[in-house]
Amino acid sequence: MRVYPKVRGPMTSWPRVAAVPGAAASLASLSARYHLAVATNAADSDEDQIRAALKRGGLDTWIEQIFCARNLGFQKPQAEYFQAIIKRLKSPPNHMVMIGDSYSSDVQGAVQAGLSAIWFNPLSKEQRQGAGYCTVHGLSEIETVLQSWFPNYRGDSYTG
């Protein structure tokens with residue numbers, strides 16, 4: 001979702017809500033192969049309000065679960081934030097990928113918790129890559145990265 005820095009309060013009550021360009025197409029494509037969840041530091045909104053905002057932006061169809069700081073009681077990059085999500089999803093962290101636009105909160109926090117991470121950095125050419133993480137500058141690049149990291153993933157299981 002687009003963030004408007006001067007607007008405060010729950011996103012669902014903002015006068016205008018809009019998706020990042022290309023988000024709907026990317027989510028539709030990714031959801032055909034992967035389980036998708038939102039993990040946000042939103043403190044003004046609970047999970048139901050976030051789902052309502054996603055619906056206003058036309059993105060709720062592809063999101064299976066929502067995790068937010070308000071409900072979890074922790075914020076990214078705290079290890080407890082990611083551990084709570086791992087526990088609720090009942091999935092090993094090495095089968096999970098955090099995709100986010102904050103290198104310090106999303107990428108570093110996820111990698112420290114044992115997840116892989118993709119830094120979505122559409123605003124600059126800066127490229128960071130390391131063990132368990134990489135940078136993309138466009139949403140259309142995400143699926144290629146996931147397929148290279150998890151070539152044997154087939155919906156709910158690994159083969160090979």
# chains A, B, ... in the order shown; residues from 1 in each chain; ligands from 1

$ residues_around --residues "Gly114 of chain A" --least-positions-apart "3" --cutoff "10 Å" --atoms "only C-alpha atoms" --output "list of chain:residue names"
A:Ala79, A:Phe82, A:Gln83, A:Ile86, A:Pro92, A:Pro93, A:Asn94, A:His95, A:Met96, A:Val97, A:Gly109, A:Ala110, A:Val111, A:Ala117, A:Gly132

$ select_by_dssp --residues "chain A" --states "strand (DSSP E or B)" --output "PyMOL selection string"
chain A and resi 37-40+65-68+97-100+116-120+130+133-136+153-154+157-158

$ write_last_selection --atoms "N, CA and C atoms" --output "PDB file, in the first residue's frame"
ATOM      1  N   ALA A  37       1.109 -13.371   3.345  1.00  0.00           N
ATOM      2  CA  ALA A  37       0.666 -12.726   4.576  1.00  0.00           C
ATOM      3  C   ALA A  37       1.259 -11.321   4.623  1.00  0.00           C
ATOM      4  N   VAL A  38       0.618 -10.454   5.367  1.00  0.00           N
ATOM      5  CA  VAL A  38       1.136  -9.118   5.610  1.00  0.00           C
ATOM      6  C   VAL A  38       1.717  -9.099   7.016  1.00  0.00           C
ATOM      7  N   ALA A  39       2.924  -8.551   7.139  1.00  0.00           N
ATOM      8  CA  ALA A  39       3.571  -8.368   8.442  1.00  0.00           C
ATOM      9  C   ALA A  39       3.973  -6.903   8.521  1.00  0.00           C
ATOM     10  N   THR A  40       3.294  -6.148   9.388  1.00  0.00           N
ATOM     11  CA  THR A  40       3.476  -4.704   9.413  1.00  0.00           C
ATOM     12  C   THR A  40       3.700  -4.187  10.821  1.00  0.00           C
ATOM     13  N   GLN A  65      -3.206 -14.077   5.688  1.00  0.00           N
ATOM     14  CA  GLN A  65      -3.123 -13.699   7.093  1.00  0.00           C
ATOM     15  C   GLN A  65      -2.475 -12.329   7.231  1.00  0.00           C
ATOM     16  N   ILE A  66      -2.767 -11.696   8.346  1.00  0.00           N
ATOM     17  CA  ILE A  66      -2.210 -10.375   8.636  1.00  0.00           C
ATOM     18  C   ILE A  66      -1.626 -10.408  10.040  1.00  0.00           C
ATOM     19  N   PHE A  67      -0.425  -9.871  10.169  1.00  0.00           N
ATOM     20  CA  PHE A  67       0.260  -9.767  11.449  1.00  0.00           C
ATOM     21  C   PHE A  67       0.655  -8.308  11.638  1.00  0.00           C
ATOM     22  N   CYS A  68       0.289  -7.726  12.767  1.00  0.00           N
ATOM     23  CA  CYS A  68       0.655  -6.323  12.994  1.00  0.00           C
ATOM     24  C   CYS A  68       1.198  -6.143  14.400  1.00  0.00           C
ATOM     25  N   VAL A  97       9.811 -15.984   3.684  1.00  0.00           N
ATOM     26  CA  VAL A  97      10.536 -14.842   3.141  1.00  0.00           C
ATOM     27  C   VAL A  97       9.801 -13.572   3.533  1.00  0.00           C
ATOM     28  N   MET A  98      10.537 -12.637   4.096  1.00  0.00           N
ATOM     29  CA  MET A  98       9.989 -11.320   4.414  1.00  0.00           C
ATOM     30  C   MET A  98      10.328 -10.400   3.255  1.00  0.00           C
ATOM     31  N   ILE A  99       9.320  -9.737   2.715  1.00  0.00           N
ATOM     32  CA  ILE A  99       9.531  -8.762   1.645  1.00  0.00           C
ATOM     33  C   ILE A  99       9.108  -7.412   2.209  1.00  0.00           C
ATOM     34  N   GLY A 100      10.028  -6.465   2.216  1.00  0.00           N
ATOM     35  CA  GLY A 100       9.691  -5.178   2.797  1.00  0.00           C
ATOM     36  C   GLY A 100      10.541  -4.053   2.273  1.00  0.00           C
ATOM     37  N   SER A 116      14.546 -15.729   5.141  1.00  0.00           N
ATOM     38  CA  SER A 116      15.154 -15.038   4.012  1.00  0.00           C
ATOM     39  C   SER A 116      14.417 -13.714   3.871  1.00  0.00           C
ATOM     40  N   ALA A 117      15.000 -12.780   3.144  1.00  0.00           N
ATOM     41  CA  ALA A 117      14.358 -11.472   3.007  1.00  0.00           C
ATOM     42  C   ALA A 117      14.676 -10.853   1.653  1.00  0.00           C
ATOM     43  N   ILE A 118      13.715 -10.089   1.178  1.00  0.00           N
ATOM     44  CA  ILE A 118      13.875  -9.317  -0.055  1.00  0.00           C
ATOM     45  C   ILE A 118      13.609  -7.858   0.294  1.00  0.00           C
ATOM     46  N   TRP A 119      14.599  -7.016   0.011  1.00  0.00           N
ATOM     47  CA  TRP A 119      14.440  -5.585   0.228  1.00  0.00           C
ATOM     48  C   TRP A 119      13.829  -4.993  -1.033  1.00  0.00           C
ATOM     49  N   PHE A 120      12.596  -4.507  -0.924  1.00  0.00           N
ATOM     50  CA  PHE A 120      11.916  -3.832  -2.026  1.00  0.00           C
ATOM     51  C   PHE A 120      12.315  -2.362  -1.961  1.00  0.00           C
ATOM     52  N   GLY A 130      23.288 -10.346   0.429  1.00  0.00           N
ATOM     53  CA  GLY A 130      24.104 -11.084   1.369  1.00  0.00           C
ATOM     54  C   GLY A 130      23.500 -12.452   1.613  1.00  0.00           C
ATOM     55  N   TYR A 133      19.487 -12.737   1.797  1.00  0.00           N
ATOM     56  CA  TYR A 133      18.702 -11.575   1.386  1.00  0.00           C
ATOM     57  C   TYR A 133      19.235 -10.982   0.086  1.00  0.00           C
ATOM     58  N   CYS A 134      18.357 -10.226  -0.566  1.00  0.00           N
ATOM     59  CA  CYS A 134      18.743  -9.512  -1.783  1.00  0.00           C
ATOM     60  C   CYS A 134      17.852  -8.283  -1.945  1.00  0.00           C
ATOM     61  N   THR A 135      18.118  -7.515  -2.966  1.00  0.00           N
ATOM     62  CA  THR A 135      17.374  -6.299  -3.259  1.00  0.00           C
ATOM     63  C   THR A 135      16.644  -6.451  -4.589  1.00  0.00           C
ATOM     64  N   VAL A 136      15.414  -5.949  -4.656  1.00  0.00           N
ATOM     65  CA  VAL A 136      14.711  -5.790  -5.923  1.00  0.00           C
ATOM     66  C   VAL A 136      14.257  -4.340  -6.011  1.00  0.00           C
ATOM     67  N   TYR A 153       9.757 -25.839  -4.680  1.00  0.00           N
ATOM     68  CA  TYR A 153       8.521 -25.583  -3.946  1.00  0.00           C
ATOM     69  C   TYR A 153       7.332 -25.739  -4.880  1.00  0.00           C
ATOM     70  N   ARG A 154       6.354 -26.508  -4.439  1.00  0.00           N
ATOM     71  CA  ARG A 154       5.162 -26.753  -5.252  1.00  0.00           C
ATOM     72  C   ARG A 154       3.904 -26.530  -4.413  1.00  0.00           C
ATOM     73  N   SER A 157       4.348 -27.953  -0.513  1.00  0.00           N
ATOM     74  CA  SER A 157       5.391 -28.902  -0.151  1.00  0.00           C
ATOM     75  C   SER A 157       6.616 -28.728  -1.040  1.00  0.00           C
ATOM     76  N   TYR A 158       7.692 -29.335  -0.589  1.00  0.00           N
ATOM     77  CA  TYR A 158       8.924 -29.338  -1.344  1.00  0.00           C
ATOM     78  C   TYR A 158       9.102 -30.705  -1.973  1.00  0.00           C
TER      79      TYR A 158
END

$ closest_residue --among "A:Lys76, A:Arg56, A:Arg33, A:Arg51" --to "Pro15 of chain A" --atoms "only C-alpha atoms"
A:Arg56

$ select_by_dssp --residues "segment 4-143 of chain A" --states "alpha helix (DSSP H)" --output "PyMOL selection string"
chain A and resi 23-31+47-56+69-72+79-89+109-112+142-143

$ closest_residue --among "A:Ser148, A:Met11, A:Trp62, A:Ala52" --to "Ser29 of chain A" --atoms "only C-alpha atoms"
A:Trp62

$ closest_residue --among "A:Phe74, A:Thr12, A:Tyr4, A:Lys87" --to "Ile50 of chain A" --atoms "only C-alpha atoms"
A:Thr12

$ residues_around --residues "Leu59 of chain A" --least-positions-apart "3" --cutoff "12 Å" --atoms "only C-alpha atoms" --output "PyMOL selection string"
chain A and resi 1-2+17-28+31+36-38+50-56+62-64

$ write_last_selection --atoms "N, CA and C atoms" --output "short mmCIF file (atom, residue, chain, number, x, y, z; two decimals), in the first residue's frame"
data_model
loop_
_atom_site.label_atom_id
_atom_site.label_comp_id
_atom_site.auth_asym_id
_atom_site.auth_seq_id
_atom_site.Cartn_x
_atom_site.Cartn_y
_atom_site.Cartn_z
N MET A 1 0.84 -1.17 0.00
CA MET A 1 0.00 0.00 0.00
C MET A 1 0.89 1.24 0.00
N ARG A 2 0.38 2.28 -0.63
CA ARG A 2 1.11 3.55 -0.59
C ARG A 2 0.94 4.17 0.79
N VAL A 17 -6.80 5.71 -0.15
CA VAL A 17 -6.00 4.51 0.01
C VAL A 17 -5.67 4.01 -1.39
N ALA A 18 -4.41 3.72 -1.64
CA ALA A 18 -4.01 3.25 -2.97
C ALA A 18 -2.91 2.19 -2.85
N ALA A 19 -2.95 1.26 -3.76
CA ALA A 19 -1.93 0.23 -3.84
C ALA A 19 -0.70 0.77 -4.55
N VAL A 20 0.45 0.21 -4.23
CA VAL A 20 1.67 0.50 -4.96
C VAL A 20 1.44 0.01 -6.40
N PRO A 21 1.85 0.75 -7.41
CA PRO A 21 1.64 0.30 -8.79
C PRO A 21 2.22 -1.09 -9.03
N GLY A 22 1.42 -1.95 -9.62
CA GLY A 22 1.84 -3.31 -9.93
C GLY A 22 1.59 -4.30 -8.81
N ALA A 23 1.13 -3.83 -7.65
CA ALA A 23 0.94 -4.72 -6.50
C ALA A 23 -0.12 -5.78 -6.77
N ALA A 24 -1.24 -5.41 -7.34
CA ALA A 24 -2.32 -6.38 -7.58
C ALA A 24 -1.85 -7.50 -8.51
N ALA A 25 -1.19 -7.15 -9.59
CA ALA A 25 -0.71 -8.17 -10.53
C ALA A 25 0.34 -9.07 -9.87
N SER A 26 1.23 -8.48 -9.10
CA SER A 26 2.26 -9.29 -8.42
C SER A 26 1.65 -10.23 -7.40
N LEU A 27 0.73 -9.73 -6.59
CA LEU A 27 0.09 -10.57 -5.59
C LEU A 27 -0.72 -11.69 -6.24
N ALA A 28 -1.42 -11.38 -7.31
CA ALA A 28 -2.19 -12.41 -8.01
C ALA A 28 -1.28 -13.52 -8.51
N SER A 31 0.34 -15.46 -5.42
CA SER A 31 -0.60 -16.26 -4.64
C SER A 31 -0.95 -17.58 -5.31
N LEU A 36 0.53 -16.02 1.10
CA LEU A 36 0.91 -14.62 1.32
C LEU A 36 0.29 -14.08 2.61
N ALA A 37 1.11 -13.37 3.34
CA ALA A 37 0.67 -12.73 4.58
C ALA A 37 1.26 -11.32 4.62
N VAL A 38 0.62 -10.45 5.37
CA VAL A 38 1.14 -9.12 5.61
C VAL A 38 1.72 -9.10 7.02
N ILE A 50 -6.55 -3.46 9.09
CA ILE A 50 -5.59 -3.59 7.99
C ILE A 50 -6.24 -4.32 6.82
N ARG A 51 -6.99 -5.39 7.10
CA ARG A 51 -7.69 -6.10 6.03
C ARG A 51 -8.68 -5.16 5.33
N ALA A 52 -9.38 -4.33 6.08
CA ALA A 52 -10.32 -3.37 5.48
C ALA A 52 -9.60 -2.38 4.58
N ALA A 53 -8.41 -1.92 5.01
CA ALA A 53 -7.63 -1.01 4.17
C ALA A 53 -7.16 -1.71 2.90
N LEU A 54 -6.71 -2.96 3.04
CA LEU A 54 -6.29 -3.73 1.86
C LEU A 54 -7.47 -3.91 0.89
N LYS A 55 -8.65 -4.12 1.44
CA LYS A 55 -9.84 -4.26 0.59
C LYS A 55 -10.11 -2.96 -0.16
N ARG A 56 -10.01 -1.83 0.52
CA ARG A 56 -10.18 -0.53 -0.15
C ARG A 56 -9.18 -0.36 -1.29
N TRP A 62 -5.74 -11.67 -2.06
CA TRP A 62 -4.59 -12.57 -2.11
C TRP A 62 -3.89 -12.76 -0.76
N ILE A 63 -4.30 -12.03 0.24
CA ILE A 63 -3.63 -12.07 1.54
C ILE A 63 -4.36 -13.05 2.46
N GLU A 64 -3.66 -14.09 2.89
CA GLU A 64 -4.26 -15.10 3.75
C GLU A 64 -4.29 -14.69 5.21
#

$ atom_distance --atom1 "atom CA of Asn71 of chain A" --atom2 "atom CA of Asp46 of chain A"
6.2 Å

$ residues_around --residues "Arg70 of chain A" --least-positions-apart "6" --cutoff "8 Å" --atoms "only C-alpha atoms" --output "PyMOL selection string"
chain A and resi 41-46
